[in-house]
>>> print(open('target-v6.pdb').read())   # PDB, C-alpha atoms
ATOM      1  CA  MET N  18     101.285 -88.247 136.694
ATOM      2  CA  ASN N  19      99.843 -91.682 135.985
ATOM      3  CA  ASP N  20      97.419 -91.937 133.065
ATOM      4  CA  SER N  21      97.874 -95.673 132.482
ATOM      5  CA  GLY N  22      95.232 -96.933 134.866
ATOM      6  CA  ARG N  23      92.989 -99.953 134.355
ATOM      7  CA  ALA N  24      90.205 -99.549 131.785
ATOM      8  CA  CYS N  25      86.700-100.391 132.986
ATOM      9  CA  ALA N  26      83.162-100.316 131.611
ATOM     10  CA  PHE N  27      79.634-100.652 132.982
ATOM     11  CA  VAL N  28      76.345-101.085 131.116
ATOM     12  CA  VAL N  29      73.279 -99.564 132.772
ATOM     13  CA  ASP N  30      69.917 -98.886 131.124
ATOM     14  CA  GLY N  31      71.436 -99.657 127.731
ATOM     15  CA  LEU N  32      74.186 -97.028 128.146
ATOM     16  CA  THR N  33      77.857 -97.954 128.416
ATOM     17  CA  TYR N  34      79.891 -95.895 130.861
ATOM     18  CA  ARG N  35      83.642 -96.254 130.393
ATOM     19  CA  GLY N  36      86.307 -95.134 132.793
ATOM     20  CA  ILE N  37      89.699 -95.665 134.356
ATOM     21  CA  GLU N  38      90.673 -97.195 137.701
ATOM     22  CA  TRP N  39      93.850 -96.442 139.637
ATOM     23  CA  GLY N  40      95.278 -97.469 142.957
ATOM     24  CA  ASN N  41      94.547-100.367 145.278
ATOM     25  CA  PRO N  42      91.722-102.598 143.939
ATOM     26  CA  GLU N  43      90.974-103.600 147.535
ATOM     27  CA  GLY N  44      91.126-100.069 148.945
ATOM     28  CA  PRO N  45      88.202 -97.790 149.857
ATOM     29  CA  LEU N  46      86.303 -96.878 146.700
ATOM     30  CA  ILE N  47      86.276 -93.305 145.379
ATOM     31  CA  ILE N  48      83.947 -92.656 142.433
ATOM     32  CA  ALA N  49      85.231 -89.545 140.659
ATOM     33  CA  LEU N  50      83.112 -87.396 138.325
ATOM     34  CA  HIS N  51      84.811 -84.969 135.930
ATOM     35  CA  GLY N  52      83.817 -81.476 134.867
ATOM     36  CA  TRP N  53      81.979 -80.181 131.818
ATOM     37  CA  LEU N  54      83.538 -81.447 128.549
ATOM     38  CA  ASP N  55      86.415 -83.049 130.486
ATOM     39  CA  ASN N  56      86.838 -86.802 130.949
ATOM     40  CA  ALA N  57      88.183 -89.457 133.303
ATOM     41  CA  LEU N  58      91.788 -88.502 132.548
ATOM     42  CA  SER N  59      91.282 -85.296 134.527
ATOM     43  CA  PHE N  60      91.900 -87.348 137.694
ATOM     44  CA  SER N  61      95.100 -88.975 136.457
ATOM     45  CA  VAL N  62      97.298 -86.345 138.118
ATOM     46  CA  LEU N  63      95.685 -86.902 141.531
ATOM     47  CA  ALA N  64      95.735 -90.698 141.188
ATOM     48  CA  PRO N  65      99.354 -91.382 142.254
ATOM     49  CA  TYR N  66      98.815 -89.365 145.445
ATOM     50  CA  LEU N  67      95.741 -91.465 146.340
ATOM     51  CA  ALA N  68      97.262 -94.859 145.584
ATOM     52  CA  GLN N  69      95.881 -96.478 148.749
ATOM     53  CA  TYR N  70      92.348 -95.933 147.419
ATOM     54  CA  ARG N  71      90.492 -97.560 144.562
ATOM     55  CA  LEU N  72      89.980 -94.445 142.467
ATOM     56  CA  LEU N  73      87.350 -95.048 139.777
ATOM     57  CA  ALA N  74      86.987 -92.123 137.365
ATOM     58  CA  LEU N  75      84.081 -92.365 134.935
ATOM     59  CA  ASP N  76      83.464 -90.613 131.626
ATOM     60  CA  LEU N  77      79.987 -89.217 132.160
ATOM     61  CA  SER N  78      77.431 -89.875 129.440
ATOM     62  CA  GLY N  79      78.081 -88.011 126.206
ATOM     63  CA  GLN N  80      81.714 -87.353 127.112
ATOM     64  CA  GLY N  81      85.017 -89.151 126.710
ATOM     65  CA  HIS N  82      84.517 -92.779 125.686
ATOM     66  CA  SER N  83      81.074 -93.228 127.259
ATOM     67  CA  ASP N  84      77.895 -93.542 125.201
ATOM     68  CA  HIS N  85      75.839 -90.579 124.082
ATOM     69  CA  ARG N  86      72.257 -90.446 125.238
ATOM     70  CA  SER N  87      69.397 -91.098 122.830
ATOM     71  CA  THR N  88      68.286 -88.281 120.547
ATOM     72  CA  ASP N  89      65.230 -87.539 122.690
ATOM     73  CA  ALA N  90      67.246 -87.295 125.928
ATOM     74  CA  THR N  91      68.861 -84.395 127.788
ATOM     75  CA  TYR N  92      72.017 -83.719 129.775
ATOM     76  CA  HIS N  93      70.663 -82.120 132.925
ATOM     77  CA  ILE N  94      72.888 -82.555 135.970
ATOM     78  CA  TRP N  95      70.521 -85.160 137.393
ATOM     79  CA  ASP N  96      70.295 -87.310 134.264
ATOM     80  CA  ASP N  97      73.389 -89.423 135.064
ATOM     81  CA  VAL N  98      72.338 -90.196 138.637
ATOM     82  CA  PRO N  99      70.138 -93.268 137.922
ATOM     83  CA  GLN N 100      72.950 -94.894 135.937
ATOM     84  CA  LEU N 101      75.543 -93.995 138.584
ATOM     85  CA  LEU N 102      73.354 -95.715 141.168
ATOM     86  CA  GLY N 103      73.221 -98.725 138.859
ATOM     87  CA  ILE N 104      77.018 -98.789 138.675
ATOM     88  CA  VAL N 105      77.206 -98.740 142.467
ATOM     89  CA  GLU N 106      74.863-101.726 142.570
ATOM     90  CA  GLN N 107      77.132-103.603 140.152
ATOM     91  CA  LEU N 108      80.173-102.773 142.246
ATOM     92  CA  GLY N 109      78.460-103.885 145.436
ATOM     93  CA  ALA N 110      80.434-101.256 147.310
ATOM     94  CA  ALA N 111      79.145 -99.683 150.515
ATOM     95  CA  PRO N 112      79.958 -97.268 151.917
ATOM     96  CA  LEU N 113      81.837 -95.321 149.253
ATOM     97  CA  ILE N 114      83.388 -91.918 148.655
ATOM     98  CA  VAL N 115      82.092 -89.557 145.949
ATOM     99  CA  MET N 116      84.335 -86.891 144.421
ATOM    100  CA  GLY N 117      83.441 -84.400 141.713
ATOM    101  CA  HIS N 118      84.935 -81.420 139.897
ATOM    102  CA  SER N 119      82.916 -78.464 138.555
ATOM    103  CA  ARG N 120      79.809 -79.849 136.782
ATOM    104  CA  GLY N 121      80.834 -83.230 138.182
ATOM    105  CA  ALA N 122      80.673 -81.687 141.662
ATOM    106  CA  ALA N 123      77.073 -80.622 141.046
ATOM    107  CA  ILE N 124      76.250 -84.161 139.943
ATOM    108  CA  ALA N 125      78.171 -85.489 142.958
ATOM    109  CA  VAL N 126      75.915 -83.543 145.344
ATOM    110  CA  LEU N 127      72.792 -85.077 143.780
ATOM    111  CA  PHE N 128      74.444 -88.516 143.653
ATOM    112  CA  ALA N 129      75.404 -88.325 147.335
ATOM    113  CA  ALA N 130      71.888 -87.220 148.255
ATOM    114  CA  ALA N 131      70.489 -90.255 146.422
ATOM    115  CA  LEU N 132      73.013 -92.626 148.002
ATOM    116  CA  GLU N 133      72.170 -91.345 151.492
ATOM    117  CA  LYS N 134      74.210 -93.251 154.109
ATOM    118  CA  ARG N 135      75.927 -95.347 151.435
ATOM    119  CA  CYS N 136      78.084 -92.263 150.750
ATOM    120  CA  SER N 137      80.457 -91.811 153.685
ATOM    121  CA  HIS N 138      82.398 -88.807 152.329
ATOM    122  CA  LEU N 139      81.787 -86.201 149.627
ATOM    123  CA  VAL N 140      84.669 -84.226 148.072
ATOM    124  CA  LEU N 141      83.864 -81.242 145.846
ATOM    125  CA  LEU N 142      86.694 -79.762 143.760
ATOM    126  CA  ASP N 143      85.983 -76.166 142.773
ATOM    127  CA  GLY N 144      82.325 -76.918 142.245
ATOM    128  CA  MET N 145      78.952 -77.343 143.910
ATOM    129  CA  LEU N 146      75.354 -77.041 142.792
ATOM    130  CA  PRO N 147      74.959 -74.358 140.094
ATOM    131  CA  VAL N 148      74.330 -70.750 141.064
ATOM    132  CA  PRO N 149      70.591 -70.780 141.862
ATOM    133  CA  ALA N 150      68.118 -69.478 139.300
ATOM    134  CA  GLU N 151      65.435 -66.935 140.059
ATOM    135  CA  GLU N 152      61.924 -68.308 139.742
ATOM    136  CA  SER N 153      61.028 -65.368 137.510
ATOM    137  CA  ALA N 154      63.581 -66.629 134.945
ATOM    138  CA  ALA N 155      61.988 -70.085 134.579
ATOM    139  CA  ALA N 156      60.099 -69.424 131.338
ATOM    140  CA  ARG N 157      63.061 -67.668 129.727
ATOM    141  CA  GLN N 158      65.353 -70.543 130.679
ATOM    142  CA  PHE N 159      62.900 -73.084 129.267
ATOM    143  CA  ARG N 160      62.558 -71.217 125.973
ATOM    144  CA  GLN N 161      66.338 -70.963 125.603
ATOM    145  CA  ALA N 162      66.623 -74.739 125.879
ATOM    146  CA  GLN N 163      64.167 -75.137 123.002
ATOM    147  CA  VAL N 164      66.055 -72.567 120.910
ATOM    148  CA  ASP N 165      69.326 -74.416 121.523
ATOM    149  CA  ARG N 166      67.816 -77.733 120.551
ATOM    150  CA  GLU N 167      66.474 -76.354 117.280
ATOM    151  CA  ALA N 168      69.706 -74.538 116.437
ATOM    152  CA  ALA N 169      71.694 -77.745 116.944
ATOM    153  CA  LYS N 170      70.096 -79.274 113.852
ATOM    154  CA  ALA N 171      72.168 -76.967 111.649
ATOM    155  CA  ARG N 172      75.354 -77.004 113.704
ATOM    156  CA  ARG N 173      78.347 -79.003 112.484
ATOM    157  CA  ARG N 174      80.694 -80.910 114.754
ATOM    158  CA  ARG N 175      83.973 -79.147 115.446
ATOM    159  CA  HIS N 176      87.057 -80.642 113.820
ATOM    160  CA  PHE N 177      90.775 -80.157 114.371
ATOM    161  CA  SER N 178      93.481 -80.935 111.835
ATOM    162  CA  ASP N 179      95.721 -82.154 114.644
ATOM    163  CA  VAL N 180      95.932 -82.480 118.424
ATOM    164  CA  GLU N 181      97.710 -79.130 118.644
ATOM    165  CA  GLY N 182      94.576 -77.396 117.386
ATOM    166  CA  PHE N 183      92.564 -78.904 120.229
ATOM    167  CA  VAL N 184      95.221 -77.933 122.776
ATOM    168  CA  THR N 185      95.286 -74.341 121.504
ATOM    169  CA  ALA N 186      91.487 -74.108 121.717
ATOM    170  CA  ARG N 187      91.482 -75.417 125.306
ATOM    171  CA  VAL N 188      94.237 -73.040 126.377
ATOM    172  CA  LYS N 189      92.038 -70.157 125.190
ATOM    173  CA  LEU N 190      89.372 -71.458 127.597
ATOM    174  CA  GLY N 191      91.757 -71.195 130.536
ATOM    175  CA  PHE N 192      93.383 -74.629 130.584
ATOM    176  CA  SER N 193      97.120 -75.008 130.916
ATOM    177  CA  GLU N 194      98.781 -76.605 127.898
ATOM    178  CA  SER N 195      99.619 -79.693 129.975
ATOM    179  CA  SER N 196      96.050 -80.239 131.197
ATOM    180  CA  ALA N 197      94.619 -79.736 127.692
ATOM    181  CA  ARG N 198      97.063 -82.269 126.296
ATOM    182  CA  LEU N 199      96.234 -84.645 129.147
ATOM    183  CA  LEU N 200      92.548 -84.778 128.188
ATOM    184  CA  ALA N 201      93.113 -85.155 124.435
ATOM    185  CA  PRO N 202      93.177 -88.990 124.162
ATOM    186  CA  ARG N 203      89.587 -89.251 125.421
ATOM    187  CA  ALA N 204      88.369 -85.882 124.107
ATOM    188  CA  LEU N 205      89.209 -86.587 120.450
ATOM    189  CA  ARG N 206      88.626 -89.341 117.919
ATOM    190  CA  PRO N 207      90.017 -89.758 114.403
ATOM    191  CA  HIS N 208      88.085 -88.190 111.543
ATOM    192  CA  ALA N 209      88.651 -87.749 107.825
ATOM    193  CA  ASP N 210      89.653 -84.129 108.483
ATOM    194  CA  GLY N 211      91.944 -85.060 111.370
ATOM    195  CA  PHE N 212      90.099 -85.264 114.690
ATOM    196  CA  GLU N 213      86.647 -84.471 116.021
ATOM    197  CA  LEU N 214      85.458 -83.946 119.572
ATOM    198  CA  THR N 215      83.987 -87.016 121.253
ATOM    199  CA  HIS N 216      81.492 -85.135 123.423
ATOM    200  CA  ASP N 217      77.819 -84.828 122.509
ATOM    201  CA  PRO N 218      77.152 -81.250 121.265
ATOM    202  CA  ARG N 219      73.947 -81.225 123.318
ATOM    203  CA  LEU N 220      76.118 -80.686 126.383
ATOM    204  CA  ASN N 221      76.392 -77.080 125.161
ATOM    205  CA  HIS N 222      72.618 -76.575 125.357
ATOM    206  CA  ALA N 223      70.939 -74.568 128.087
ATOM    207  CA  SER N 224      69.176 -76.663 130.713
ATOM    208  CA  ALA N 225      65.418 -76.516 130.422
ATOM    209  CA  VAL N 226      65.024 -76.215 134.211
ATOM    210  CA  LYS N 227      67.444 -74.892 136.827
ATOM    211  CA  LEU N 228      67.428 -75.269 140.593
ATOM    212  CA  THR N 229      66.298 -72.359 142.771
ATOM    213  CA  ALA N 230      68.009 -71.256 145.983
ATOM    214  CA  GLY N 231      65.447 -73.127 148.073
ATOM    215  CA  MET N 232      65.932 -76.314 146.075
ATOM    216  CA  CYS N 233      69.742 -76.096 146.417
ATOM    217  CA  ALA N 234      69.416 -75.558 150.171
ATOM    218  CA  ALA N 235      67.123 -78.587 150.456
ATOM    219  CA  PHE N 236      69.661 -80.818 148.688
ATOM    220  CA  TYR N 237      72.510 -79.567 150.862
ATOM    221  CA  GLU N 238      70.509 -80.067 154.044
ATOM    222  CA  SER N 239      69.673 -83.629 153.003
ATOM    223  CA  LEU N 240      73.321 -84.719 152.835
ATOM    224  CA  THR N 241      74.417 -87.150 155.528
ATOM    225  CA  SER N 242      78.029 -87.594 154.377
ATOM    226  CA  LYS N 243      81.024 -85.695 155.691
ATOM    227  CA  THR N 244      81.778 -83.054 153.054
ATOM    228  CA  LEU N 245      84.969 -81.299 151.948
ATOM    229  CA  VAL N 246      84.732 -78.347 149.541
ATOM    230  CA  LEU N 247      88.026 -77.192 148.014
ATOM    231  CA  VAL N 248      87.697 -73.818 146.282
ATOM    232  CA  ALA N 249      90.458 -72.748 143.888
ATOM    233  CA  GLU N 250      91.794 -69.270 144.658
ATOM    234  CA  GLU N 251      91.577 -68.282 140.972
ATOM    235  CA  GLY N 252      88.631 -70.510 140.077
ATOM    236  CA  LEU N 253      84.987 -70.349 141.106
ATOM    237  CA  ARG N 254      85.704 -67.866 143.870
ATOM    238  CA  VAL N 255      86.079 -65.069 141.298
ATOM    239  CA  ARG N 256      82.650 -65.708 139.786
ATOM    240  CA  ALA N 257      79.617 -63.636 140.736
ATOM    241  CA  GLY N 258      77.186 -65.436 142.995
ATOM    242  CA  LEU N 259      79.750 -67.683 144.670
ATOM    243  CA  GLU N 260      79.319 -66.060 148.090
ATOM    244  CA  ALA N 261      75.672 -67.097 148.355
ATOM    245  CA  SER N 262      76.503 -70.606 147.145
ATOM    246  CA  LEU N 263      79.299 -70.949 149.706
ATOM    247  CA  GLN N 264      77.022 -69.762 152.482
ATOM    248  CA  ALA N 265      74.424 -72.313 151.404
ATOM    249  CA  ILE N 266      76.808 -75.261 151.230
ATOM    250  CA  ALA N 267      78.363 -74.282 154.554
ATOM    251  CA  GLN N 268      75.033 -75.298 156.112
ATOM    252  CA  VAL N 269      75.710 -78.933 155.206
ATOM    253  CA  PRO N 270      76.239 -80.902 158.425
ATOM    254  CA  HIS N 271      79.912 -81.870 158.885
ATOM    255  CA  CYS N 272      81.012 -79.616 155.989
ATOM    256  CA  MET N 273      84.450 -78.051 155.659
ATOM    257  CA  VAL N 274      85.262 -75.393 153.036
ATOM    258  CA  GLN N 275      88.897 -74.570 152.241
ATOM    259  CA  SER N 276      90.869 -72.570 149.688
ATOM    260  CA  VAL N 277      93.507 -74.201 147.496
ATOM    261  CA  PRO N 278      95.978 -72.531 145.134
ATOM    262  CA  GLY N 279      95.446 -72.379 141.393
ATOM    263  CA  LYS N 280      92.776 -71.961 138.757
ATOM    264  CA  HIS N 281      89.609 -73.925 138.080
ATOM    265  CA  HIS N 282      91.488 -77.049 136.905
ATOM    266  CA  THR N 283      94.111 -76.881 139.644
ATOM    267  CA  HIS N 284      93.558 -80.573 140.536
ATOM    268  CA  MET N 285      95.150 -81.345 137.152
ATOM    269  CA  GLU N 286      97.810 -78.720 137.520
ATOM    270  CA  GLU N 287      99.877 -77.037 140.249
ATOM    271  CA  GLY N 288      97.418 -77.709 143.078
ATOM    272  CA  ALA N 289      97.285 -81.503 142.733
ATOM    273  CA  GLU N 290      99.660 -82.306 145.590
ATOM    274  CA  VAL N 291      98.042 -79.834 148.012
ATOM    275  CA  ILE N 292      94.571 -81.085 147.087
ATOM    276  CA  SER N 293      95.536 -84.732 147.510
ATOM    277  CA  THR N 294      97.052 -83.988 150.930
ATOM    278  CA  ARG N 295      93.839 -82.346 152.082
ATOM    279  CA  ILE N 296      91.725 -85.176 150.681
ATOM    280  CA  ARG N 297      93.838 -87.771 152.506
ATOM    281  CA  TRP N 298      93.558 -85.850 155.759
ATOM    282  CA  PHE N 299      89.805 -85.563 155.306
ATOM    283  CA  LEU N 300      89.294 -89.246 154.507
ATOM    284  CA  GLU N 301      91.739 -90.660 157.021
ATOM    285  CA  GLY N 302      90.776 -88.463 159.942
ATOM    286  CA  ALA N 303      94.421 -88.055 160.859
ATOM    287  CA  ASP N 304      96.955 -85.265 160.601
ATOM    288  CA  ALA N 305      98.429 -85.303 157.098
ATOM    289  CA  GLY N 306      99.965 -81.864 157.437
ATOM    290  CA  VAL N 307      96.707 -79.931 157.070
ATOM    291  CA  ASN N 308      94.986 -77.888 159.737
ATOM    292  CA  PRO N 309      91.254 -78.397 159.084
ATOM    293  CA  ASP N 310      90.445 -75.120 160.805
ATOM    294  CA  SER N 311      92.985 -73.096 158.836
ATOM    295  CA  VAL N 312      90.412 -71.961 156.274
ATOM    296  CA  THR N 313      86.698 -71.825 157.013
ATOM    297  CA  ALA N 314      83.763 -71.094 154.753
ATOM    298  CA  GLU N 315      83.605 -67.587 156.220
ATOM    299  CA  THR N 316      87.269 -67.015 155.356
ATOM    300  CA  VAL N 317      86.751 -68.093 151.741
ATOM    301  CA  ILE N 318      83.706 -65.822 151.450
ATOM    302  CA  ALA N 319      85.631 -62.887 152.914
ATOM    303  CA  GLN N 320      88.517 -63.479 150.504
ATOM    304  CA  SER N 321      86.091 -63.549 147.588
ATOM    305  CA  ASP N 322      84.478 -60.303 148.776
ATOM    306  CA  ALA N 323      87.911 -58.677 148.932
ATOM    307  CA  ARG N 324      88.359 -59.301 145.212
TER     308      ARG N 324
END
>>> encode(input="target-v6.pdb", output="structure tokens")
Amino acid sequence: MNDSGRACAFVVDGLTYRGIEWGNPEGPLIIALHGWLDNALSFSVLAPYLAQYRLLALDLSGQGHSDHRSTDATYHIWDDVPQLLGIVEQLGAAPLIVMGHSRGAAIAVLFAAALEKRCSHLVLLDGMLPVPAEESAAARQFRQAQVDREAAKARRRRHFSDVEGFVTARVKLGFSESSARLLAPRALRPHADGFELTHDPRLNHASAVKLTAGMCAAFYESLTSKTLVLVAEEGLRVRAGLEASLQAIAQVPHCMVQSVPGKHHTHMEEGAEVISTRIRWFLEGADAGVNPDSVTAETVIAQSDAR
């Protein structure tokens, strides 16, 4: 593992996005987007395996060391996209590779759609657009967002007396102890009572609007980049509704869906080497020990059905 990458920061629309770079500064650029309440350190385990690339992992707004959004703003999955496009403009990089995990994968799909041909490859790690919402649930979803916003006024930030308390809490959410400890330096900040979480509590709020099945399909169909979807065997595949989502994303032109061992955060844990091997094969277009036809979208769906 290599968590000592190069610190970086970008200011777009008055918001500062901070992150970490690893690898070859002159190599092909990968912009990596972490999952919900994670941070840029979640890619530090993969980084050594992708050393020939310029791997730029960003703390998304309201998480890690990046700025929180203004009090009137939201954290919908599309809210970071304008600033991410601004960062790309500052980097002057084209084409580039976009990689995302979980919620970051959902953002990555929207980001890639906005980039169009400037995104050559899209890599989704146990994530894709959220399970589609039924149109009939729109009003209920909207009301829940308002309830969450109001309730937040009385909610106190969570504190931990020490790092071990944070690690224990994350393990209860399904993280391994090592991955929880890995995230801690950017997930916590000192407080009079010990430590407090750095993320904006509004990230726990329900979204006011969710995408429908037709909207998800339209985004997938709009993608022009080659796409690799790596589904953890004990991750998203065990969640209800994944089959329909996999069938939808399989319609993306030039899309490959494969299973990888491990749980939802396997890219930080036991699956890192396997995942990096498949990513290298996908990006390099050469045999890196992976048979691209070994697992198809239909196979993943069938495996999920069997559970």
>>> closest_residue(input="target-v6.pdb", among="N:Thr283, N:Gly182, N:Leu127, N:Gly211", to="Ala234 (chain N)", atoms="all atoms listed in the file")
N:Leu127
>>> residues_around(input="target-v6.pdb", residues="region 128-137 of chain N", least_positions_apart="5", cutoff="8 Å", atoms="only C-alpha atoms", output="NGL selection string")
:N and (98 or 101-102 or 111-115 or 236 or 239-243)
>>> atom_distance(input="target-v6.pdb", atom1="CA of Thr244 (chain N)", atom2="CA of His138 (chain N)")
5.8 Å
>>> atom_distance(input="target-v6.pdb", atom1="CA of Asp143 (chain N)", atom2="CA of Ala110 (chain N)")
26.1 Å
>>> resolve_selection(input="target-v6.pdb", expression="the PyMOL selection byres ((chain N and resi 108) around 12)", output="VMD selection string")
chain N and resid 25 to 28 42 46 to 48 71 73 101 to 107 109 to 113
>>> resolve_selection(input="target-v6.pdb", expression="the PyMOL selection byres ((chain N and resi 276) around 6)", output="list in words")
Leu247, Val248, Ala249, Gln275 and Val277 of chain N
>>> closest_residue(input="target-v6.pdb", among="N:Ile292, N:Ile37, N:Val246, N:Ala64", to="Ala122 (chain N)", atoms="all atoms listed in the file")
N:Val246
>>> residues_near_point(input="target-v6.pdb", point="(93.5, -90.1, 134.3)", cutoff="12 Å", atoms="only C-alpha atoms", output="PDB file with C-alpha atoms, keeping the file's coordinate frame")
ATOM      1  CA  MET N  18     101.285 -88.247 136.694  1.00  0.00           C
ATOM      2  CA  ASN N  19      99.843 -91.682 135.985  1.00  0.00           C
ATOM      3  CA  ASP N  20      97.419 -91.937 133.065  1.00  0.00           C
ATOM      4  CA  SER N  21      97.874 -95.673 132.482  1.00  0.00           C
ATOM      5  CA  GLY N  22      95.232 -96.933 134.866  1.00  0.00           C
ATOM      6  CA  ARG N  23      92.989 -99.953 134.355  1.00  0.00           C
ATOM      7  CA  ALA N  24      90.205 -99.549 131.785  1.00  0.00           C
ATOM      8  CA  GLY N  36      86.307 -95.134 132.793  1.00  0.00           C
ATOM      9  CA  ILE N  37      89.699 -95.665 134.356  1.00  0.00           C
ATOM     10  CA  GLU N  38      90.673 -97.195 137.701  1.00  0.00           C
ATOM     11  CA  TRP N  39      93.850 -96.442 139.637  1.00  0.00           C
ATOM     12  CA  GLY N  40      95.278 -97.469 142.957  1.00  0.00           C
ATOM     13  CA  ALA N  49      85.231 -89.545 140.659  1.00  0.00           C
ATOM     14  CA  LEU N  50      83.112 -87.396 138.325  1.00  0.00           C
ATOM     15  CA  HIS N  51      84.811 -84.969 135.930  1.00  0.00           C
ATOM     16  CA  ASP N  55      86.415 -83.049 130.486  1.00  0.00           C
ATOM     17  CA  ASN N  56      86.838 -86.802 130.949  1.00  0.00           C
ATOM     18  CA  ALA N  57      88.183 -89.457 133.303  1.00  0.00           C
ATOM     19  CA  LEU N  58      91.788 -88.502 132.548  1.00  0.00           C
ATOM     20  CA  SER N  59      91.282 -85.296 134.527  1.00  0.00           C
ATOM     21  CA  PHE N  60      91.900 -87.348 137.694  1.00  0.00           C
ATOM     22  CA  SER N  61      95.100 -88.975 136.457  1.00  0.00           C
ATOM     23  CA  VAL N  62      97.298 -86.345 138.118  1.00  0.00           C
ATOM     24  CA  LEU N  63      95.685 -86.902 141.531  1.00  0.00           C
ATOM     25  CA  ALA N  64      95.735 -90.698 141.188  1.00  0.00           C
ATOM     26  CA  PRO N  65      99.354 -91.382 142.254  1.00  0.00           C
ATOM     27  CA  LEU N  72      89.980 -94.445 142.467  1.00  0.00           C
ATOM     28  CA  LEU N  73      87.350 -95.048 139.777  1.00  0.00           C
ATOM     29  CA  ALA N  74      86.987 -92.123 137.365  1.00  0.00           C
ATOM     30  CA  LEU N  75      84.081 -92.365 134.935  1.00  0.00           C
ATOM     31  CA  ASP N  76      83.464 -90.613 131.626  1.00  0.00           C
ATOM     32  CA  GLY N  81      85.017 -89.151 126.710  1.00  0.00           C
ATOM     33  CA  SER N 196      96.050 -80.239 131.197  1.00  0.00           C
ATOM     34  CA  ARG N 198      97.063 -82.269 126.296  1.00  0.00           C
ATOM     35  CA  LEU N 199      96.234 -84.645 129.147  1.00  0.00           C
ATOM     36  CA  LEU N 200      92.548 -84.778 128.188  1.00  0.00           C
ATOM     37  CA  ALA N 201      93.113 -85.155 124.435  1.00  0.00           C
ATOM     38  CA  PRO N 202      93.177 -88.990 124.162  1.00  0.00           C
ATOM     39  CA  ARG N 203      89.587 -89.251 125.421  1.00  0.00           C
ATOM     40  CA  HIS N 284      93.558 -80.573 140.536  1.00  0.00           C
ATOM     41  CA  MET N 285      95.150 -81.345 137.152  1.00  0.00           C
TER      42      MET N 285
END
>>> atom_distance(input="target-v6.pdb", atom1="CA of Leu67 (chain N)", atom2="CA of Ile296 (chain N)")
8.6 Å
>>> axis_aligned_box(input="target-v6.pdb", around="region 112-126 of chain N", padding_each_side="6 Å", output="lines of an AutoDock Vina configuration file")
center_x = 80.4
center_y = -87.9
center_z = 144.3
size_x = 21.0
size_y = 30.8
size_z = 27.1
>>> closest_residue(input="target-v6.pdb", among="N:Leu141, N:Ile94, N:Ala235, N:Ala169", to="Met116 (chain N)", atoms="all atoms listed in the file")
N:Leu141
>>> closest_residue(input="target-v6.pdb", among="N:Arg254, N:Arg219, N:Arg35, N:His176", to="Trp53 (chain N)", atoms="all atoms listed in the file")
N:Arg219
>>> closest_residue(input="target-v6.pdb", among="N:Thr91, N:Glu238, N:Val140, N:Pro149", to="Arg166 (chain N)", atoms="all atoms listed in the file")
N:Thr91
>>> closest_residue(input="target-v6.pdb", among="N:Ser83, N:Phe299, N:Pro99, N:Pro207", to="Cys272 (chain N)", atoms="all atoms listed in the file")
N:Phe299
>>> resolve_selection(input="target-v6.pdb", expression="the PyMOL selection byres ((chain N and resi 119) around 6)", output="count of residues only")
7
>>> residues_near_point(input="target-v6.pdb", point="(81.5, -84.0, 120.9)", cutoff="12 Å", atoms="all atoms listed in the file", output="PyMOL selection string")
chain N and resi 53-56+78-85+172-177+203-206+212-221
>>> build_atoms(input="target-v6.pdb", residues="region 28-37 of chain N", atoms="N, CA and C atoms", output="PDB file, keeping the file's coordinate frame")
ATOM      1  N   VAL N  28      77.534-101.296 131.933  1.00  0.00           N
ATOM      2  CA  VAL N  28      76.345-101.085 131.116  1.00  0.00           C
ATOM      3  C   VAL N  28      75.145-100.963 132.038  1.00  0.00           C
ATOM      4  N   VAL N  29      74.461 -99.822 131.950  1.00  0.00           N
ATOM      5  CA  VAL N  29      73.279 -99.564 132.772  1.00  0.00           C
ATOM      6  C   VAL N  29      72.224 -98.908 131.890  1.00  0.00           C
ATOM      7  N   ASP N  30      71.021 -99.448 131.907  1.00  0.00           N
ATOM      8  CA  ASP N  30      69.917 -98.886 131.124  1.00  0.00           C
ATOM      9  C   ASP N  30      70.272 -98.749 129.647  1.00  0.00           C
ATOM     10  N   GLY N  31      71.069 -99.672 129.138  1.00  0.00           N
ATOM     11  CA  GLY N  31      71.436 -99.657 127.731  1.00  0.00           C
ATOM     12  C   GLY N  31      72.563 -98.699 127.390  1.00  0.00           C
ATOM     13  N   LEU N  32      73.084 -97.965 128.359  1.00  0.00           N
ATOM     14  CA  LEU N  32      74.186 -97.028 128.146  1.00  0.00           C
ATOM     15  C   LEU N  32      75.477 -97.624 128.692  1.00  0.00           C
ATOM     16  N   THR N  33      76.553 -97.502 127.940  1.00  0.00           N
ATOM     17  CA  THR N  33      77.857 -97.954 128.416  1.00  0.00           C
ATOM     18  C   THR N  33      78.632 -96.767 128.957  1.00  0.00           C
ATOM     19  N   TYR N  34      79.031 -96.879 130.220  1.00  0.00           N
ATOM     20  CA  TYR N  34      79.891 -95.895 130.861  1.00  0.00           C
ATOM     21  C   TYR N  34      81.293 -96.487 130.928  1.00  0.00           C
ATOM     22  N   ARG N  35      82.253 -95.796 130.347  1.00  0.00           N
ATOM     23  CA  ARG N  35      83.642 -96.254 130.393  1.00  0.00           C
ATOM     24  C   ARG N  35      84.449 -95.355 131.309  1.00  0.00           C
ATOM     25  N   GLY N  36      85.502 -95.918 131.870  1.00  0.00           N
ATOM     26  CA  GLY N  36      86.307 -95.134 132.793  1.00  0.00           C
ATOM     27  C   GLY N  36      87.669 -95.736 133.002  1.00  0.00           C
ATOM     28  N   ILE N  37      88.346 -95.232 134.021  1.00  0.00           N
ATOM     29  CA  ILE N  37      89.699 -95.665 134.356  1.00  0.00           C
ATOM     30  C   ILE N  37      89.775 -95.865 135.870  1.00  0.00           C
TER      31      ILE N  37
END
